[in-house]
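In what follows, a single structure is set out as structure tokens and then discussed.
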Amino acid sequence: MNDDANNSACAAFQAQLAELIASGEDVNNHPHLQNCEVCRQLLAELETIAEAARQLFPIVEPPDELWDHIESAIKSEKEFSVSETLDGHDSGSAG
Ligand SMILES: [Zn+2]
């Protein structure tokens with residue numbers, strides 16, 4: 001039976017598919033995909049799902065540098081508002 005051989009080839013390919021994708025390999029150029037429509041469609045579906053997941057769950061963890069910026073921004077803003085409150089009553093020449 002040809003089907004059986006094809007199946008085990010697919011199983012072997014699909015077993016390393018995730019690793020291939022994760023390692024950044026160009027999976028589309030994999031020799032198995034040249035003659036296996038089933039796995040081509042599987043890969044296309046995976047890529048669609050991965051794309052959708054990327055949009056649903058964007059990377060939320062900001063890099064350390066960003067936190068530094070946020071922290072210093074909060075600090076300087078606090079200092080500003082504190083000194084403004086302290087001598088805010090001093091200035092008021094409107095009208
Ligand atoms: Zn296959």
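Naming scheme: A, B, ... for chains in displayed order of the structure tokens; residues 1 onward per chain; ligands 1 onward as shown.
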
List all protein, DNA and RNA residues that have at least one atom no more than 12 Å from any atom of ligand 1, counting only C-alpha atoms and all ligand atoms, and write them as a list in words.
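Using only C-alpha atoms and all ligand atoms, I find these residues within 12 Å of ligand 1: Asp3, Asp4, Ala5, Asn6, Asn7, Ser8, Ala9, Cys10, Ala11, Ala12, Phe13, Gln14, Ala15, Gln16, Leu17, His30, Pro31, His32, Leu33, Gln34, Asn35, Cys36, Glu37, Val38, Cys39, Arg40, Gln41, Leu42 and Leu43 of chain A.
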
Could you check which of A:Leu56, A:Ala44, A:Ile49, A:Ile70 is closest to Asn28 (chain A), using only C-alpha atoms?
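So, comparing all the options, the nearest one is A:Ala44.
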
Take CA of Arg54 (chain A) and CA of Leu66 (chain A) and report the distance between them in Å, one decimal.
21.0 Å

Could you check how far CA of Ile21 (chain A) sits from CA of Leu46 (chain A), in Å to one decimal?
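The value is 9.9 Å.
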